Structure formats: structure tokens, C-alpha cells
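> My structure is in data_9.pdb, and what it holds is PDB, C-alpha atoms and all ligand atoms:
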```
ATOM      1  CA  MET D   1       0.000   0.000   0.000  1.00  0.00           C
ATOM      2  CA  PHE D   2       1.069   3.576  -0.616  1.00  0.00           C
ATOM      3  CA  ASN D   3      -0.573   6.234   1.551  1.00  0.00           C
ATOM      4  CA  LEU D   4       0.014   9.903   0.981  1.00  0.00           C
ATOM      5  CA  ILE D   5      -1.092  13.120   2.659  1.00  0.00           C
ATOM      6  CA  LEU D   6      -1.526  16.101   0.353  1.00  0.00           C
ATOM      7  CA  PHE D   7      -1.150  19.012   2.743  1.00  0.00           C
ATOM      8  CA  GLY D   8      -1.572  22.757   2.417  1.00  0.00           C
ATOM      9  CA  PRO D   9      -3.728  25.744   3.306  1.00  0.00           C
ATOM     10  CA  PRO D  10      -7.196  26.443   1.880  1.00  0.00           C
ATOM     11  CA  GLY D  11      -6.890  27.131  -1.842  1.00  0.00           C
ATOM     12  CA  SER D  12      -3.409  25.627  -2.186  1.00  0.00           C
ATOM     13  CA  GLY D  13      -4.638  23.177  -4.853  1.00  0.00           C
ATOM     14  CA  LYS D  14      -5.146  19.992  -2.836  1.00  0.00           C
ATOM     15  CA  GLY D  15      -8.400  19.082  -4.602  1.00  0.00           C
ATOM     16  CA  THR D  16      -7.121  20.025  -8.064  1.00  0.00           C
ATOM     17  CA  GLN D  17      -3.929  17.987  -7.714  1.00  0.00           C
ATOM     18  CA  SER D  18      -5.682  15.069  -5.957  1.00  0.00           C
ATOM     19  CA  GLU D  19      -7.844  14.436  -9.018  1.00  0.00           C
ATOM     20  CA  LYS D  20      -4.768  14.135 -11.213  1.00  0.00           C
ATOM     21  CA  LEU D  21      -2.799  12.069  -8.699  1.00  0.00           C
ATOM     22  CA  ILE D  22      -5.512   9.457  -8.144  1.00  0.00           C
ATOM     23  CA  ALA D  23      -5.853   9.071 -11.908  1.00  0.00           C
ATOM     24  CA  ARG D  24      -2.121   8.447 -12.279  1.00  0.00           C
ATOM     25  CA  TYR D  25      -1.459   6.272  -9.229  1.00  0.00           C
ATOM     26  CA  GLY D  26      -4.804   4.516  -8.689  1.00  0.00           C
ATOM     27  CA  LEU D  27      -5.146   5.701  -5.084  1.00  0.00           C
ATOM     28  CA  LYS D  28      -8.447   6.193  -3.268  1.00  0.00           C
ATOM     29  CA  HIS D  29      -9.108   9.912  -2.658  1.00  0.00           C
ATOM     30  CA  LEU D  30     -10.292  10.718   0.866  1.00  0.00           C
ATOM     31  CA  SER D  31     -11.179  14.393   1.296  1.00  0.00           C
ATOM     32  CA  THR D  32     -12.863  15.236   4.589  1.00  0.00           C
ATOM     33  CA  GLY D  33     -14.124  18.496   3.052  1.00  0.00           C
ATOM     34  CA  ASP D  34     -15.833  16.551   0.233  1.00  0.00           C
ATOM     35  CA  LEU D  35     -17.238  14.003   2.718  1.00  0.00           C
ATOM     36  CA  LEU D  36     -18.651  16.833   4.855  1.00  0.00           C
ATOM     37  CA  ARG D  37     -20.143  18.616   1.837  1.00  0.00           C
ATOM     38  CA  SER D  38     -21.813  15.359   0.823  1.00  0.00           C
ATOM     39  CA  GLU D  39     -23.401  15.160   4.305  1.00  0.00           C
ATOM     40  CA  ILE D  40     -24.563  18.768   3.875  1.00  0.00           C
ATOM     41  CA  SER D  41     -26.149  18.134   0.493  1.00  0.00           C
ATOM     42  CA  GLN D  42     -27.979  15.094   1.911  1.00  0.00           C
ATOM     43  CA  GLN D  43     -29.069  17.274   4.845  1.00  0.00           C
ATOM     44  CA  THR D  44     -28.055  14.690   7.438  1.00  0.00           C
ATOM     45  CA  PRO D  45     -27.949  15.801  11.103  1.00  0.00           C
ATOM     46  CA  LEU D  46     -24.141  15.623  10.948  1.00  0.00           C
ATOM     47  CA  GLY D  47     -24.141  17.757   7.796  1.00  0.00           C
ATOM     48  CA  LEU D  48     -26.453  20.376   9.274  1.00  0.00           C
ATOM     49  CA  GLU D  49     -24.243  20.721  12.370  1.00  0.00           C
ATOM     50  CA  ALA D  50     -21.038  20.766  10.326  1.00  0.00           C
ATOM     51  CA  LYS D  51     -22.338  23.457   7.969  1.00  0.00           C
ATOM     52  CA  LYS D  52     -22.713  25.973  10.790  1.00  0.00           C
ATOM     53  CA  ILE D  53     -19.052  25.504  11.703  1.00  0.00           C
ATOM     54  CA  MET D  54     -17.740  25.396   8.137  1.00  0.00           C
ATOM     55  CA  ASP D  55     -19.573  28.618   7.259  1.00  0.00           C
ATOM     56  CA  LYS D  56     -17.555  30.365   9.969  1.00  0.00           C
ATOM     57  CA  GLY D  57     -14.320  28.982   8.531  1.00  0.00           C
ATOM     58  CA  GLN D  58     -13.629  26.901  11.634  1.00  0.00           C
ATOM     59  CA  LEU D  59     -12.671  23.237  12.020  1.00  0.00           C
ATOM     60  CA  VAL D  60     -15.379  20.668  12.787  1.00  0.00           C
ATOM     61  CA  PRO D  61     -14.684  18.507  15.869  1.00  0.00           C
ATOM     62  CA  ASP D  62     -11.914  15.918  15.616  1.00  0.00           C
ATOM     63  CA  GLU D  63     -14.229  13.015  16.562  1.00  0.00           C
ATOM     64  CA  VAL D  64     -16.490  13.779  13.594  1.00  0.00           C
ATOM     65  CA  VAL D  65     -13.791  13.692  10.928  1.00  0.00           C
ATOM     66  CA  ILE D  66     -11.889  10.807  12.534  1.00  0.00           C
ATOM     67  CA  GLY D  67     -15.125   8.781  12.474  1.00  0.00           C
ATOM     68  CA  MET D  68     -15.630   9.590   8.798  1.00  0.00           C
ATOM     69  CA  ILE D  69     -12.081   8.552   7.897  1.00  0.00           C
ATOM     70  CA  SER D  70     -12.331   5.363   9.941  1.00  0.00           C
ATOM     71  CA  SER D  71     -15.499   4.345   8.051  1.00  0.00           C
ATOM     72  CA  ALA D  72     -13.943   5.234   4.712  1.00  0.00           C
ATOM     73  CA  LEU D  73     -10.859   3.098   5.444  1.00  0.00           C
ATOM     74  CA  ASP D  74     -13.061   0.158   6.439  1.00  0.00           C
ATOM     75  CA  GLY D  75     -15.251   0.694   3.400  1.00  0.00           C
ATOM     76  CA  ASN D  76     -12.330   0.363   0.965  1.00  0.00           C
ATOM     77  CA  PRO D  77     -10.544  -2.855   1.947  1.00  0.00           C
ATOM     78  CA  ASP D  78      -9.136  -3.402  -1.539  1.00  0.00           C
ATOM     79  CA  ALA D  79      -7.618   0.055  -2.062  1.00  0.00           C
ATOM     80  CA  LYS D  80      -4.033   0.140  -3.377  1.00  0.00           C
ATOM     81  CA  GLY D  81      -3.485   3.114  -1.128  1.00  0.00           C
ATOM     82  CA  PHE D  82      -5.118   6.312   0.072  1.00  0.00           C
ATOM     83  CA  LEU D  83      -4.606   9.969  -0.747  1.00  0.00           C
ATOM     84  CA  PHE D  84      -5.649  12.060   2.257  1.00  0.00           C
ATOM     85  CA  ASP D  85      -6.744  15.600   1.304  1.00  0.00           C
ATOM     86  CA  GLY D  86      -7.638  18.073   4.054  1.00  0.00           C
ATOM     87  CA  PHE D  87      -6.978  15.463   6.729  1.00  0.00           C
ATOM     88  CA  PRO D  88      -5.335  15.330   9.249  1.00  0.00           C
ATOM     89  CA  ARG D  89      -5.775  18.955  10.321  1.00  0.00           C
ATOM     90  CA  THR D  90      -4.830  18.671  14.018  1.00  0.00           C
ATOM     91  CA  ASP D  91      -2.280  16.627  15.948  1.00  0.00           C
ATOM     92  CA  LYS D  92      -5.124  14.612  17.424  1.00  0.00           C
ATOM     93  CA  GLN D  93      -6.300  13.675  13.916  1.00  0.00           C
ATOM     94  CA  ALA D  94      -2.732  12.755  12.923  1.00  0.00           C
ATOM     95  CA  GLU D  95      -2.337  10.467  15.916  1.00  0.00           C
ATOM     96  CA  ALA D  96      -5.712   8.839  15.217  1.00  0.00           C
ATOM     97  CA  LEU D  97      -4.777   8.303  11.567  1.00  0.00           C
ATOM     98  CA  ASP D  98      -1.501   6.645  12.524  1.00  0.00           C
ATOM     99  CA  LYS D  99      -3.386   4.254  14.802  1.00  0.00           C
ATOM    100  CA  LEU D 100      -6.024   3.432  12.178  1.00  0.00           C
ATOM    101  CA  LEU D 101      -3.345   2.706   9.562  1.00  0.00           C
ATOM    102  CA  ASP D 102      -1.336   0.705  12.056  1.00  0.00           C
ATOM    103  CA  LEU D 103      -4.346  -1.573  12.594  1.00  0.00           C
ATOM    104  CA  LYS D 104      -4.293  -2.184   8.852  1.00  0.00           C
ATOM    105  CA  LYS D 105      -0.532  -2.884   8.970  1.00  0.00           C
ATOM    106  CA  THR D 106       0.270   0.154   6.878  1.00  0.00           C
ATOM    107  CA  SER D 107       1.426   3.760   7.379  1.00  0.00           C
ATOM    108  CA  ILE D 108       1.870   7.173   5.758  1.00  0.00           C
ATOM    109  CA  ALA D 109       4.662   7.089   3.167  1.00  0.00           C
ATOM    110  CA  VAL D 110       4.980  10.850   2.743  1.00  0.00           C
ATOM    111  CA  MET D 111       3.321  14.208   3.374  1.00  0.00           C
ATOM    112  CA  LEU D 112       3.597  16.473   0.340  1.00  0.00           C
ATOM    113  CA  ALA D 113       3.029  20.070   1.462  1.00  0.00           C
ATOM    114  CA  LEU D 114       1.960  22.631  -1.150  1.00  0.00           C
ATOM    115  CA  ASN D 115       3.598  25.989  -0.581  1.00  0.00           C
ATOM    116  CA  VAL D 116       1.479  28.976  -1.714  1.00  0.00           C
ATOM    117  CA  SER D 117       1.552  32.618  -0.547  1.00  0.00           C
ATOM    118  CA  GLU D 118      -1.411  33.932   1.401  1.00  0.00           C
ATOM    119  CA  GLU D 119      -2.065  36.600  -1.221  1.00  0.00           C
ATOM    120  CA  GLU D 120      -2.389  33.934  -3.937  1.00  0.00           C
ATOM    121  CA  LEU D 121      -4.666  31.770  -1.726  1.00  0.00           C
ATOM    122  CA  VAL D 122      -7.101  34.638  -1.162  1.00  0.00           C
ATOM    123  CA  LYS D 123      -7.046  35.557  -4.856  1.00  0.00           C
ATOM    124  CA  ARG D 124      -7.863  31.967  -5.918  1.00  0.00           C
ATOM    125  CA  LEU D 125     -10.659  31.483  -3.385  1.00  0.00           C
ATOM    126  CA  VAL D 126     -12.324  34.863  -3.975  1.00  0.00           C
ATOM    127  CA  LYS D 127     -12.328  34.024  -7.690  1.00  0.00           C
ATOM    128  CA  ARG D 128     -13.767  30.541  -7.113  1.00  0.00           C
ATOM    129  CA  GLY D 129     -16.403  32.049  -4.802  1.00  0.00           C
ATOM    130  CA  GLU D 130     -17.882  33.919  -7.770  1.00  0.00           C
ATOM    131  CA  THR D 131     -19.102  30.636  -9.265  1.00  0.00           C
ATOM    132  CA  SER D 132     -18.580  27.658  -6.908  1.00  0.00           C
ATOM    133  CA  GLY D 133     -21.629  27.934  -4.712  1.00  0.00           C
ATOM    134  CA  ARG D 134     -19.406  26.874  -1.775  1.00  0.00           C
ATOM    135  CA  SER D 135     -20.725  29.008   1.045  1.00  0.00           C
ATOM    136  CA  ASP D 136     -17.330  29.166   2.754  1.00  0.00           C
ATOM    137  CA  ASP D 137     -15.921  30.846  -0.396  1.00  0.00           C
ATOM    138  CA  SER D 138     -18.652  33.470  -0.473  1.00  0.00           C
ATOM    139  CA  ASN D 139     -16.861  36.307   1.290  1.00  0.00           C
ATOM    140  CA  GLU D 140     -13.285  37.296   1.906  1.00  0.00           C
ATOM    141  CA  GLY D 141     -13.823  37.405   5.694  1.00  0.00           C
ATOM    142  CA  VAL D 142     -14.645  33.673   5.830  1.00  0.00           C
ATOM    143  CA  ILE D 143     -11.775  32.865   3.451  1.00  0.00           C
ATOM    144  CA  ARG D 144      -9.357  34.722   5.751  1.00  0.00           C
ATOM    145  CA  ALA D 145     -10.859  32.970   8.795  1.00  0.00           C
ATOM    146  CA  ARG D 146     -10.142  29.580   7.141  1.00  0.00           C
ATOM    147  CA  ILE D 147      -6.540  30.615   6.518  1.00  0.00           C
ATOM    148  CA  ALA D 148      -6.207  31.859  10.131  1.00  0.00           C
ATOM    149  CA  GLU D 149      -7.614  28.535  11.395  1.00  0.00           C
ATOM    150  CA  TYR D 150      -5.056  26.726   9.231  1.00  0.00           C
ATOM    151  CA  ASN D 151      -2.207  28.858  10.604  1.00  0.00           C
ATOM    152  CA  SER D 152      -3.231  28.428  14.245  1.00  0.00           C
ATOM    153  CA  LYS D 153      -4.287  24.748  14.296  1.00  0.00           C
ATOM    154  CA  THR D 154      -3.247  22.899  11.142  1.00  0.00           C
ATOM    155  CA  ALA D 155       0.189  24.153  10.088  1.00  0.00           C
ATOM    156  CA  ALA D 156       1.683  22.397  13.136  1.00  0.00           C
ATOM    157  CA  VAL D 157       0.605  18.993  11.781  1.00  0.00           C
ATOM    158  CA  ALA D 158       3.610  19.225   9.444  1.00  0.00           C
ATOM    159  CA  GLU D 159       5.838  19.346  12.558  1.00  0.00           C
ATOM    160  CA  TYR D 160       4.251  16.076  13.695  1.00  0.00           C
ATOM    161  CA  TYR D 161       5.285  14.299  10.462  1.00  0.00           C
ATOM    162  CA  LYS D 162       8.700  16.046  10.376  1.00  0.00           C
ATOM    163  CA  LYS D 163       9.581  14.067  13.493  1.00  0.00           C
ATOM    164  CA  PHE D 164       9.322  10.964  11.293  1.00  0.00           C
ATOM    165  CA  ASP D 165      11.124  12.661   8.396  1.00  0.00           C
ATOM    166  CA  LYS D 166       8.066  12.366   6.165  1.00  0.00           C
ATOM    167  CA  VAL D 167       7.503  15.962   5.005  1.00  0.00           C
ATOM    168  CA  VAL D 168       8.436  17.294   1.582  1.00  0.00           C
ATOM    169  CA  LEU D 169       7.670  20.879   0.611  1.00  0.00           C
ATOM    170  CA  VAL D 170       6.486  21.275  -2.986  1.00  0.00           C
ATOM    171  CA  LYS D 171       6.061  24.478  -4.982  1.00  0.00           C
ATOM    172  CA  GLY D 172       2.315  25.198  -5.172  1.00  0.00           C
ATOM    173  CA  GLU D 173       2.342  28.250  -7.458  1.00  0.00           C
ATOM    174  CA  GLY D 174       2.637  28.224 -11.242  1.00  0.00           C
ATOM    175  CA  SER D 175       0.765  26.059 -13.731  1.00  0.00           C
ATOM    176  CA  VAL D 176      -1.314  23.096 -12.533  1.00  0.00           C
ATOM    177  CA  ASP D 177       0.749  20.784 -14.757  1.00  0.00           C
ATOM    178  CA  ASP D 178       4.107  22.011 -13.437  1.00  0.00           C
ATOM    179  CA  ILE D 179       2.958  21.554  -9.847  1.00  0.00           C
ATOM    180  CA  PHE D 180       1.675  18.080 -10.725  1.00  0.00           C
ATOM    181  CA  GLY D 181       5.118  17.279 -12.171  1.00  0.00           C
ATOM    182  CA  GLY D 182       6.755  18.311  -8.895  1.00  0.00           C
ATOM    183  CA  LEU D 183       4.402  16.105  -6.873  1.00  0.00           C
ATOM    184  CA  CYS D 184       4.873  13.101  -9.167  1.00  0.00           C
ATOM    185  CA  GLY D 185       8.651  13.475  -8.954  1.00  0.00           C
ATOM    186  CA  GLU D 186       8.481  13.103  -5.173  1.00  0.00           C
ATOM    187  CA  ILE D 187       6.025  10.184  -5.314  1.00  0.00           C
ATOM    188  CA  ASP D 188       8.049   8.316  -7.932  1.00  0.00           C
ATOM    189  CA  LYS D 189      11.074   8.383  -5.608  1.00  0.00           C
ATOM    190  CA  ARG D 190       9.066   6.525  -2.975  1.00  0.00           C
ATOM    191  CA  ILE D 191       6.475   4.288  -4.650  1.00  0.00           C
ATOM    192  CA  ASP D 192       7.242   0.725  -5.813  1.00  0.00           C
TER     193      ASP D 192
HETATM  194  P1  LIG D 201     -11.763  21.620   2.630  1.00  0.00           P
HETATM  195  O1  LIG D 201     -12.825  21.190   1.722  1.00  0.00           O
HETATM  196  O2  LIG D 201     -10.661  20.716   2.926  1.00  0.00           O
HETATM  197  O3  LIG D 201     -11.264  22.999   2.104  1.00  0.00           O
HETATM  198  P2  LIG D 201      -9.915  23.821   2.273  1.00  0.00           P
HETATM  199  O4  LIG D 201      -8.795  23.109   2.894  1.00  0.00           O
HETATM  200  O5  LIG D 201     -10.353  25.102   2.906  1.00  0.00           O
HETATM  201  O6  LIG D 201      -9.418  24.057   0.873  1.00  0.00           O
HETATM  202  P3  LIG D 201     -10.088  24.061  -0.535  1.00  0.00           P
HETATM  203  O7  LIG D 201     -10.763  22.780  -0.811  1.00  0.00           O
HETATM  204  O8  LIG D 201     -10.876  25.305  -0.679  1.00  0.00           O
HETATM  205  O9  LIG D 201      -8.773  24.244  -1.403  1.00  0.00           O
HETATM  206  P4  LIG D 201      -7.799  23.171  -2.058  1.00  0.00           P
HETATM  207  O10 LIG D 201      -6.487  23.209  -1.383  1.00  0.00           O
HETATM  208  O11 LIG D 201      -8.470  21.851  -2.236  1.00  0.00           O
HETATM  209  O12 LIG D 201      -7.598  23.865  -3.462  1.00  0.00           O
HETATM  210  P5  LIG D 201      -8.399  23.647  -4.828  1.00  0.00           P
HETATM  211  O13 LIG D 201      -7.745  22.599  -5.640  1.00  0.00           O
HETATM  212  O14 LIG D 201      -9.837  23.543  -4.551  1.00  0.00           O
HETATM  213  O15 LIG D 201     -12.411  22.042   4.044  1.00  0.00           O
HETATM  214  C1  LIG D 201     -13.561  22.844   4.120  1.00  0.00           C
HETATM  215  C2  LIG D 201     -14.021  22.948   5.555  1.00  0.00           C
HETATM  216  O16 LIG D 201     -14.436  21.652   6.023  1.00  0.00           O
HETATM  217  C3  LIG D 201     -12.963  23.395   6.574  1.00  0.00           C
HETATM  218  O17 LIG D 201     -12.885  24.797   6.647  1.00  0.00           O
HETATM  219  C4  LIG D 201     -13.498  22.763   7.856  1.00  0.00           C
HETATM  220  O18 LIG D 201     -14.557  23.510   8.387  1.00  0.00           O
HETATM  221  C5  LIG D 201     -14.062  21.440   7.375  1.00  0.00           C
HETATM  222  N1  LIG D 201     -13.055  20.356   7.422  1.00  0.00           N
HETATM  223  C6  LIG D 201     -12.556  19.646   6.356  1.00  0.00           C
HETATM  224  N2  LIG D 201     -11.663  18.735   6.765  1.00  0.00           N
HETATM  225  C7  LIG D 201     -11.572  18.860   8.115  1.00  0.00           C
HETATM  226  C8  LIG D 201     -10.789  18.214   9.111  1.00  0.00           C
HETATM  227  N3  LIG D 201      -9.905  17.245   8.780  1.00  0.00           N
HETATM  228  N4  LIG D 201     -10.938  18.608  10.400  1.00  0.00           N
HETATM  229  C9  LIG D 201     -11.836  19.557  10.751  1.00  0.00           C
HETATM  230  N5  LIG D 201     -12.607  20.232   9.852  1.00  0.00           N
HETATM  231  C10 LIG D 201     -12.467  19.882   8.541  1.00  0.00           C
HETATM  232  O19 LIG D 201      -8.068  25.033  -5.544  1.00  0.00           O
HETATM  233  C11 LIG D 201      -8.612  26.262  -5.093  1.00  0.00           C
HETATM  234  C12 LIG D 201      -8.911  27.157  -6.300  1.00  0.00           C
HETATM  235  O20 LIG D 201      -7.679  27.503  -6.928  1.00  0.00           O
HETATM  236  C13 LIG D 201      -9.754  26.478  -7.388  1.00  0.00           C
HETATM  237  O21 LIG D 201     -10.622  27.415  -7.957  1.00  0.00           O
HETATM  238  C14 LIG D 201      -8.714  25.993  -8.394  1.00  0.00           C
HETATM  239  O22 LIG D 201      -9.223  25.905  -9.692  1.00  0.00           O
HETATM  240  C15 LIG D 201      -7.653  27.058  -8.283  1.00  0.00           C
HETATM  241  N6  LIG D 201      -6.298  26.554  -8.545  1.00  0.00           N
HETATM  242  C16 LIG D 201      -5.782  25.334  -8.220  1.00  0.00           C
HETATM  243  N7  LIG D 201      -4.494  25.240  -8.618  1.00  0.00           N
HETATM  244  C17 LIG D 201      -4.180  26.429  -9.187  1.00  0.00           C
HETATM  245  C18 LIG D 201      -2.990  26.955  -9.795  1.00  0.00           C
HETATM  246  N8  LIG D 201      -1.875  26.236  -9.876  1.00  0.00           N
HETATM  247  N9  LIG D 201      -3.016  28.224 -10.272  1.00  0.00           N
HETATM  248  C19 LIG D 201      -4.165  28.966 -10.192  1.00  0.00           C
HETATM  249  N10 LIG D 201      -5.331  28.538  -9.640  1.00  0.00           N
HETATM  250  C20 LIG D 201      -5.326  27.279  -9.146  1.00  0.00           C
HETATM  251 MG    MG D 202     -10.240  20.962  -1.428  1.00  0.00          MG
END
```
Would you mind writing the file's structure down as C-alpha cells?

Amino acid sequence: MFNLILFGPPGSGKGTQSEKLIARYGLKHLSTGDLLRSEISQQTPLGLEAKKIMDKGQLVPDEVVIGMISSALDGNPDAKGFLFDGFPRTDKQAEALDKLLDLKKTSIAVMLALNVSEEELVKRLVKRGETSGRSDDSNEGVIRARIAEYNSKTAAVAEYYKKFDKVVLVKGEGSVDDIFGGLCGEIDKRID
């Protein structure tokens, strides 16, 4: 199995690059943001609670997303590997993920961290907000709150994986194809 975390702040291109990476490497894409938005569109109780938090640009509780990831891992017993996008976002989530993977006799191979300036992040998300219908893209205040939440709670997750020498910083600005090339170069060094 090959398990990868695609890491980076809101708007850094995790979703965009994940689509291309799963097509090339045959990994199962697990995005907690997408899983939460699916709960919202089905109007489940979990989705309705999560939406209130997401619309403020804050993180939903650890137990909620850890539960979702645990079910997704169990639901895909034949996966060649997993690409985690937007998860883990706290140290508690990282520790839980390590334990879940350990139970399956596997682990994280690498965390690829997309490096994008804050100015570029805001520009991309404001632009997407004009058409996406994602309510957390709808005003610059919420976009900046998401980035602040990333800086205060999520950025430190890279330190957690640095202890195990698993973090590689990748250029996240420029063309989508060039960034994809950078990511593939790092994966190809590590995958069988
Ligand atoms: P989530 O869905 O994970 O959103 P996010 O991290 O805020 O980031 P985005 O999905 O907006 O950006 P992205 O990095 O995927 O970039 P994208 O490819 O879309 O989380 C949403 C919310 O859910 C959180 O705020 C939180 O409330 C909750 N949540 C989710 N996971 C959680 C967890 N684990 N714990 C707790 N709460 C959680 O690209 C962005 C835009 O830029 C697009 O328009 C794209 O076309 C464009 N773009 C991409 N690449 C380029 C490029 N190279 N040049 C120019 N434009 C580009
Ligand atoms: Mg995304």
C-alpha cells in the first residue's frame, strides 16, 4: 500500500492535484471536506451541524472527521493506497490516523506540502467564490478565517510528520501541470 497526505492551506490546490494524482497512481481519494459537503447536500444531522461551523471557517470537531475517515478506510478494503486531502488537520487527527493505519498494517509514506503565498490563496478562493456555490468561499472574511484557522491549528501537523522525516515541501504556485510534475517526482522516488 502507498498512503500519501496532500497538505496545504485552503486554496493551495489539494483538490485540483488530488484528481490528477488518483488518476495516475490509482489511489483512493479521501477528502474530509468533500465528505462533509456530501453530508450537507444530503441534509443529514451531521451535515447540518457541520455546515454551521464550516460557514464560519472553523474546524469541525476531531471526533467527527476521525469517524468519517475510519469508516472510509473500512469501506475500501481493496484500495491500493489512500490519498488524504484536508486530513489530518490537528495533531489529534494525525495520531488517530496513525493508529487506524497501524491496525491495517500500513502507514503514511509521505506528506507532500503545497507551498502557496497567502495573497495567492485569497485571490484563488475569492475568484472561485464567484461561481462555486461553496458558502465558505462566499466572502473574503470567511476565506481569511479559514486561513487563520489553518495557521493556528493545522500548520503544526507538518511538525508532527517532520519528526518521522516524512515531510516534503512542494512548490504550489505556477501552472497546474508544473505543480503536478513536482508532486509526481516526489512520489516516484518513494512508490514501488
Ligand atoms: P476543505 O474542503 O478541505 O477545504 P480547504 O482546505 O479550505 O481548501 P479548498 O478545498 O478550498 O482548497 P484546495 O487546497 O483543495 O484547493 P483547490 O484545488 O480547490 O475544508 C472545508 C471545511 O471543512 C474546513 O474549513 C473545515 O470547516 C471542514 N473540514 C474539512 N476537513 C476537516 C478536518 N480534517 N478537520 C476539521 N474540519 C475539517 O483550488 C482552489 C482554487 O484555486 C480552485 O478554484 C482551483 O481551480 C484554483 N487553482 C488550483 N491550482 C491552481 C494553480 N496552480 N493556479 C491557479 N489557480 C489554481
Ligand atoms: Mg479541497
> Just checking: using only C-alpha atoms and all ligand atoms, which residue out of D:Gly133, D:Gly182, D:Gly8, D:Pro45 ends up closest to ligand MG 202 (chain D)?
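With only C-alpha atoms and all ligand atoms as the atom set, the closest residue is D:Gly8.
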> I need the output of the PyMOL selection byres (((chain D and resi 68-83) around 6) and not hetatm) for this file as a ChimeraX atom specification; which residues are they?
/D:1-5,27-30,65-67,84
> So which one's closest to ligand MG 202 (chain D), D:Leu97, D:Leu6, D:Ala148, D:Ile108? Using all atoms listed in the file, please.
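Comparing D:Leu97, D:Leu6, D:Ala148, D:Ile108 against ligand MG 202 (chain D), the winner is D:Leu6.
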> Enumerate, in order of chain and increasing residue number, the residues of chain D with an atom no farther than 6 Å from ligand LIG 201 (chain D), each with its shortest atom pair and distance in Å to one decimal, counting all atoms listed in the file, as a tab-separated table.

```
residue	atom	partner	partner_atom	distance
D:Pro9	CA	D:LIG201	O4	5.7
D:Pro10	CA	D:LIG201	O6	3.4
D:Gly11	CA	D:LIG201	O9	3.5
D:Ser12	CA	D:LIG201	O10	4.0
D:Gly13	CA	D:LIG201	O13	3.3
D:Lys14	CA	D:LIG201	O10	3.8
D:Gly15	CA	D:LIG201	O11	3.6
D:Thr16	CA	D:LIG201	O13	3.6
D:Thr32	CA	D:LIG201	N2	4.3
D:Gly33	CA	D:LIG201	O1	3.3
D:Asp34	CA	D:LIG201	O1	5.7
D:Ile53	CA	D:LIG201	O18	5.9
D:Met54	CA	D:LIG201	O18	3.7
D:Gly57	CA	D:LIG201	O17	4.8
D:Gln58	CA	D:LIG201	O18	4.8
D:Leu59	CA	D:LIG201	N5	3.7
D:Val60	CA	D:LIG201	N5	4.1
D:Pro61	CA	D:LIG201	C9	6.0
D:Asp62	CA	D:LIG201	N4	5.9
D:Val65	CA	D:LIG201	N3	5.7
D:Gly86	CA	D:LIG201	O2	4.2
D:Phe87	CA	D:LIG201	N3	4.0
D:Pro88	CA	D:LIG201	N3	5.0
D:Arg89	CA	D:LIG201	N3	4.7
D:Arg124	CA	D:LIG201	O20	4.6
D:Leu125	CA	D:LIG201	C12	5.5
D:Arg128	CA	D:LIG201	O21	4.5
D:Arg146	CA	D:LIG201	O17	5.5
D:Glu173	CA	D:LIG201	N8	5.3
D:Gly174	CA	D:LIG201	N8	5.1
D:Ser175	CA	D:LIG201	N8	4.7
D:Val176	CA	D:LIG201	N8	4.2
```
> With distances taken over only C-alpha atoms and all ligand atoms, which residue among D:Val122, D:Leu35, D:Ile22, D:Leu46 lies nearest ligand MG 202 (chain D)?
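Checking each of D:Val122, D:Leu35, D:Ile22, D:Leu46 against ligand MG 202 (chain D), counting only C-alpha atoms and all ligand atoms, the winner is D:Leu35.
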> Here is a test: counting all atoms listed in the file, which residue of D:Lys171, D:Lys127, D:Lys99, D:Lys20 is nearest to D:Leu114?
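For D:Leu114, the nearest of the candidates is D:Lys171.
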> Would you please work out which residue, of D:Lys56, D:Ser31, D:Glu49, D:Arg37, is nearest to D:Glu149 when using only C-alpha atoms?
D:Lys56
> Ranking D:Glu119, D:Glu140, D:Asp85, D:Asp177 by minimum distance to ligand MG 202 (chain D) and counting all atoms listed in the file, which one comes first?
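Distance minimum relative to ligand MG 202 (chain D) lands on D:Asp85.
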> Quick one: which residues end up in the PyMOL selection byres (((chain D and resi 90) around 9) and not hetatm) for this structure, as a count of residues only?
14
> Report, in Å to a single decimal, how far apart atom CA of D:Leu21 and atom CA of D:Glu130 are.
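Calculated distance between atom CA of D:Glu130 and atom CA of D:Leu21 is 26.6 Å.
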> Between atom CA of D:Ser38 and atom CA of D:Arg144, what is the distance, to one decimal in Å?
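Computing the Euclidean distance for atom CA of D:Ser38 and atom CA of D:Arg144 yields 23.5 Å.
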> Take atom CA of D:Asp178 and atom CA of D:Asp192 and report the distance between them in Å, one decimal.
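These atoms are spaced 22.8 Å apart.
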> Quick one: which residues end up in the PyMOL selection byres (((chain D and resi 169) around 12) and not hetatm) for this structure, as a list of chain:residue names?
D:Ile5, D:Leu6, D:Phe7, D:Gly8, D:Val110, D:Met111, D:Leu112, D:Ala113, D:Leu114, D:Asn115, D:Val116, D:Ala158, D:Lys162, D:Asp165, D:Lys166, D:Val167, D:Val168, D:Val170, D:Lys171, D:Gly172, D:Ile179, D:Gly182, D:Leu183, D:Glu186
> Enclose all atoms of stretch 82-90 of chain D listed in the file in an axis-aligned box, grow every side by 5 Å, and hand back centre and edge lengths in Å to one decimal, as lines of an AutoDock Vina configuration file.

```
center_x = -6.1
center_y = 12.6
center_z = 6.6
size_x = 13.0
size_y = 22.6
size_z = 24.8
```
